[in-house]
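> One structure, as structure tokens, below. Some questions next.
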2 protein chains.
Amino acid sequence: MRKNFGAKPMLYPMPVLIIGTYGEDGTPNAMNAAWGGITEENEITICVSEDHKTTKNLLQRGAFTVSVATAAEVVAADYVGITSGNDVPDKLARAGWHTEKSAFVDAPLILELPMALECRVKSYDKETCRLVGEIVNVTADESVLGEGGKIDPQKLRPITYDPANHTYLALSTPVGRAFSDGKKLK
Amino acid sequence: MRKNFGAKPMLYPMPVLIIGTYGEDGTPNAMNAAWGGITEENEITICVSEDHKTTKNLLQRGAFTVSVATAAEVVAADYVGITSGNDVPDKLARAGWHTEKSAFVDAPLILELPMALECRVKSYDKETCRLVGEIVNVTADESVLGEGGKIDPQKLRPITYDPANHTYLALSTPVGRAFSDGKKLK
């Protein structure tokens with residue numbers, strides 16, 4: 001028997017995207033978004049409503065970063081999701097995070113989050129909250145790299161948002177190989 | 001030290017979306033997509049290029065389902081990603097999957113995948129591969145429900161796509177509470 005939940009924004013996995021921007025005076029800001037993902041070759045789409053400080057910031061600078069939230073930084077990642085940069089201008093600093101300017105776009109990288117996407121604003125539509133970003137570069141700290149210099153998710157420890165239970169879940173170990181396991185059925 | 005990977009469609013987590021559609025003759029089809037996610041209140045966006053059988057199908061019927069790929073079905077989930085419905089019309093059956101018609105939209109639910117989103121096509125743009133679907137209903141088999149009748153990801157065992165290592169990763173246990181843990185920093 002199936003249970004129907006109605007029209008709901010629920011999926012597994014959902015990401016925990018930390019959007020980094022600079023304010024007008026150069027203050028770095030960050031917010032937490034779960035509605036978004038890769039939507040094309042070098043493109044990310046995220047729903048950010050118009051009233052966020054982040055939205056004003058990224059439209060002014062034409063750029064933002066998306067850091068991957070990690071298990072090690074779950075408290076700070078949640079904090080920037082429940083606090084508005086309109087009320088607490090230095091919320092990123094209060095989260096205990098430090099930044100450096102991206103070498104690729106006019107937006108901050110958060111030093112405590114080892115992996116980030118550096119993005120240019122392609123388009124924003126306030127009616128649908130749809131922010132589309134061009135991924136200009138993906139960057140990762142050497143501390144989370146594994147074999148062959150690739151990002152190792154066991155070192156990065158990214159978290160995901162559980163929309164049914166409102167928890168953050170860690171990723172676990174590999175259960176299969178992509179573009180490979182399915183050959184057994186060919 | 002950071003390592004720069006250039007412009008790449010990489011993120012953690014990335015989903016493993018199994019898109020279910022009916023062909024012109026009613027044959028159920030399925031494909032595997034990793035570029036997509038929730039993009040608004042009741043909306044999912046997925047990149048599906050024009051040449052897929054799935055794309056023809058969903059445009060004809062105006063509907064599709066998105067099942068969450070699971071650890072239990074990783075081989076079949078990978079198989080439908082590496083085999084085209086244009087070449088193997090009964091690929092869903094060859095994956096060992098069975099279907100029933102969604103009660104909400106003109107598309108098949110896959111019985112072996114316990115959670116699915118039932119969607120109407122809102123728009124499709126072949127230039128950008130952008131499929132936007134309205135989520136009409138979220139459905140889950142009782143076997144994956146936990147406390148309070150909510151979906152329990154420990155029972156569902158959804159998988160995610162690791163874009164750096166081309167593996168499928170399982171989700172793990174909770175590492176934090178959303179809208180709650182961050183209060184410690186307020």
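If you're wondering about the labels, chains in the structure tokens are A, B, ... by order shown, residues count from 1 in each chain, ligands from 1 in order shown.
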Would you give me, as a count of residues only, the residues in chain A that DSSP reads as strand (DSSP E or B)?
81
> Excluding range 82-86 of chain B and residues on its chain fewer than 5 positions from it, collect all residues at most 8 Å away from it, counting only C-alpha atoms, and give them as a PyMOL selection string.
(chain A and resi 179+182-183) or (chain B and resi 29-31+52-54+91)
> I need the residues from that last selection saved to file as a short mmCIF file (atom, residue, chain, number, x, y, z; two decimals), in the first residue's frame (with N, CA and C atoms), if you can.

data_model
loop_
_atom_site.label_atom_id
_atom_site.label_comp_id
_atom_site.auth_asym_id
_atom_site.auth_seq_id
_atom_site.Cartn_x
_atom_site.Cartn_y
_atom_site.Cartn_z
N PHE A 179 27.58 3.92 -14.34
CA PHE A 179 27.96 3.59 -15.73
C PHE A 179 28.66 2.24 -15.79
N GLY A 182 25.19 -1.47 -14.09
CA GLY A 182 24.06 -1.81 -14.93
C GLY A 182 24.41 -2.74 -16.08
N LYS A 183 25.71 -2.82 -16.41
CA LYS A 183 26.16 -3.71 -17.51
C LYS A 183 25.79 -5.16 -17.26
N ASN B 29 8.59 3.31 -19.65
CA ASN B 29 10.02 3.50 -19.87
C ASN B 29 10.58 4.19 -18.61
N ALA B 30 11.90 4.09 -18.45
CA ALA B 30 12.55 4.76 -17.32
C ALA B 30 13.94 5.16 -17.71
N MET B 31 14.39 6.30 -17.21
CA MET B 31 15.79 6.70 -17.37
C MET B 31 16.31 7.29 -16.07
N HIS B 52 16.30 11.81 -25.91
CA HIS B 52 15.85 10.67 -25.10
C HIS B 52 14.44 10.25 -25.46
N LYS B 53 14.20 8.95 -25.40
CA LYS B 53 12.82 8.43 -25.56
C LYS B 53 11.93 9.05 -24.47
N THR B 54 12.48 9.18 -23.28
CA THR B 54 11.76 9.78 -22.15
C THR B 54 11.21 11.16 -22.50
N LYS B 91 13.16 -1.70 -21.94
CA LYS B 91 14.28 -1.69 -20.98
C LYS B 91 13.82 -1.69 -19.53
#
> Taking only C-alpha atoms into account, which of A:Thr139, A:Val121, A:Gly6, A:Ala170 comes nearest Pro153 in chain B?
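Using only C-alpha atoms, the shortest distance to Pro153 in chain B belongs to A:Ala170.
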> Residues within 7 Å of Gly20 in chain B, please, as a compact mmCIF listing (two decimals) with C-alpha atoms, in the first residue's frame. Count only C-alpha atoms; anything in the same chain fewer than 3 positions from it doesn't count.

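Dumped to part.txt:
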# COMPACT_ATOMS: atom_id res chain seq x y z
CA PRO B 28 6.51 2.09 -19.61
CA ASN B 29 10.02 3.50 -19.87
CA ALA B 30 12.55 4.76 -17.32
CA MET B 31 15.79 6.70 -17.37
CA PHE B 64 6.14 11.84 -15.75
CA THR B 65 7.09 10.34 -12.41
CA VAL B 66 10.38 10.71 -10.57
CA ALA B 107 2.77 8.05 -16.14
CA PRO B 108 3.93 4.82 -14.51
CA LEU B 109 5.01 4.23 -10.91
> Report as a ChimeraX atom specification all protein, DNA and RNA residues lying within 8 Å of His98 in chain A, evaluated on only C-alpha atoms, omitting residues in the same chain fewer than 2 positions from it.
/A:92-93,96,100,110-112
> Do a neighbour search on range 33-49 of chain B at 7 Å with only C-alpha atoms, toss out local chain neighbours closer than 3 positions, and write the hits as a PyMOL selection string.
(chain A and resi 7-9+35-40+46-47) or (chain B and resi 14-18+52+55+126+129-135+161)
> Measuring atom to atom with only C-alpha atoms, identify which of A:Pro89, A:Gly176, A:Gly23, A:Gly148 is nearest to chain B.
A:Gly176
> Excluding Ala63 in chain B and its own-chain neighbours fewer than 4 positions away, which residues fall within 8 Å of it when counting only C-alpha atoms? Please give them as a PyMOL selection string.
chain B and resi 21+58-59+105-107+118-121
> Can you write just those residues out, N, CA and C atoms, as a compact mmCIF listing (two decimals), in the first residue's frame?

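Output contents, as saved in result10.txt:
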# COMPACT_ATOMS: atom_id res chain seq x y z
N THR B 21 7.96 7.18 -17.66
CA THR B 21 7.02 7.72 -18.67
C THR B 21 6.37 6.55 -19.42
N LEU B 58 7.28 12.10 -22.39
CA LEU B 58 6.67 13.02 -21.41
C LEU B 58 6.05 14.23 -22.08
N LEU B 59 6.56 14.59 -23.26
CA LEU B 59 5.93 15.70 -23.98
C LEU B 59 4.59 15.25 -24.57
N VAL B 105 -1.29 11.19 -12.41
CA VAL B 105 -0.81 11.65 -13.72
C VAL B 105 -0.69 10.47 -14.68
N ASP B 106 -0.56 10.77 -15.95
CA ASP B 106 -0.51 9.74 -16.99
C ASP B 106 0.92 9.23 -17.17
N ALA B 107 1.39 8.56 -16.14
CA ALA B 107 2.77 8.05 -16.14
C ALA B 107 2.85 6.87 -15.16
N GLU B 118 4.94 12.46 -8.47
CA GLU B 118 4.08 12.36 -9.65
C GLU B 118 3.92 13.78 -10.21
N CYS B 119 4.30 13.96 -11.45
CA CYS B 119 4.50 15.33 -11.98
C CYS B 119 3.78 15.57 -13.30
N ARG B 120 3.29 16.80 -13.44
CA ARG B 120 2.79 17.29 -14.73
C ARG B 120 3.90 18.12 -15.36
N VAL B 121 4.00 18.06 -16.68
CA VAL B 121 4.99 18.88 -17.39
C VAL B 121 4.52 20.33 -17.36
> Give me the residues of range 141-181 of chain A that have any atom at most 12 Å from an atom of range 74-77 of chain A; for each, the nearest atom pair and the distance in Å, rounded to one decimal. Use only C-alpha atoms, sort by chain and number, and format it as CSV.

residue,atom,partner,partner_atom,distance
A:Arg157,CA,A:Val74,CA,10.5
A:Pro158,CA,A:Val74,CA,9.6
A:Ile159,CA,A:Val74,CA,7.9
A:Thr160,CA,A:Val74,CA,10.3
A:Tyr161,CA,A:Val74,CA,10.9
A:Thr167,CA,A:Val74,CA,10.4
A:Tyr168,CA,A:Val74,CA,7.9
A:Leu169,CA,A:Val74,CA,10.0
A:Ala170,CA,A:Val74,CA,10.1
> Using DSSP on the backbone coordinates, identify the residues of range 14-167 of chain B assigned to helix (DSSP H, G or I); present them as a VMD selection string.
chain B and resid 53 to 61 71 to 82 91 to 94 142 to 144 147 to 149 153 to 156
> Generate the output file for the selected residues, C-alpha atoms, as an mmCIF file, in the first residue's frame.

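As a result, part12.cif now contains:
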data_model
loop_
_atom_site.group_PDB
_atom_site.id
_atom_site.type_symbol
_atom_site.label_atom_id
_atom_site.label_comp_id
_atom_site.auth_asym_id
_atom_site.auth_seq_id
_atom_site.Cartn_x
_atom_site.Cartn_y
_atom_site.Cartn_z
ATOM 1 C CA LYS B 53 12.824 8.429 -25.558
ATOM 2 C CA THR B 54 11.759 9.780 -22.145
ATOM 3 C CA THR B 55 11.604 13.328 -23.514
ATOM 4 C CA LYS B 56 9.360 12.342 -26.427
ATOM 5 C CA ASN B 57 7.165 10.352 -24.052
ATOM 6 C CA LEU B 58 6.675 13.016 -21.409
ATOM 7 C CA LEU B 59 5.929 15.700 -23.979
ATOM 8 C CA GLN B 60 3.262 13.478 -25.575
ATOM 9 C CA ARG B 61 1.582 12.576 -22.277
ATOM 10 C CA ALA B 71 20.515 0.955 -2.638
ATOM 11 C CA ALA B 72 18.408 -2.180 -3.123
ATOM 12 C CA GLU B 73 17.874 -1.332 -6.812
ATOM 13 C CA VAL B 74 21.263 0.149 -7.689
ATOM 14 C CA VAL B 75 22.011 -2.273 -10.535
ATOM 15 C CA ALA B 76 18.681 -1.667 -12.269
ATOM 16 C CA ALA B 77 18.927 2.091 -11.636
ATOM 17 C CA ASP B 78 22.323 2.150 -13.343
ATOM 18 C CA TYR B 79 21.089 -0.080 -16.182
ATOM 19 C CA VAL B 80 18.300 2.324 -17.163
ATOM 20 C CA GLY B 81 20.938 5.064 -17.229
ATOM 21 C CA ILE B 82 23.245 3.305 -19.676
ATOM 22 C CA LYS B 91 14.280 -1.689 -20.984
ATOM 23 C CA LEU B 92 12.205 -1.056 -17.863
ATOM 24 C CA ALA B 93 11.021 -4.679 -17.905
ATOM 25 C CA ARG B 94 14.596 -5.849 -18.598
ATOM 26 C CA GLU B 142 4.150 1.899 3.672
ATOM 27 C CA SER B 143 7.223 -0.309 3.957
ATOM 28 C CA VAL B 144 9.443 2.809 4.046
ATOM 29 C CA GLU B 147 7.450 7.240 13.131
ATOM 30 C CA GLY B 148 4.261 9.258 12.623
ATOM 31 C CA GLY B 149 3.793 7.845 9.130
ATOM 32 C CA PRO B 153 15.302 7.421 4.888
ATOM 33 C CA GLN B 154 16.886 4.583 6.868
ATOM 34 C CA LYS B 155 14.192 2.295 5.408
ATOM 35 C CA LEU B 156 14.074 3.901 1.963
#
> Using only C-alpha atoms, which of B:Thr27, B:Ser102, B:Asn165, B:Ser123 sits nearest Leu145 in chain A?
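Distance minimum relative to Leu145 in chain A lands on B:Asn165.
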> So which one's closest to Lys150 in chain A, B:Ala164, B:Val138, B:Ile19, B:Leu171? Using only C-alpha atoms, please.
B:Ala164
> Closest to chain A among B:Met10, B:Pro163, B:Arg2, B:Glu50, using only C-alpha atoms?
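Checking each candidate against chain A, we get B:Arg2 as the closest.
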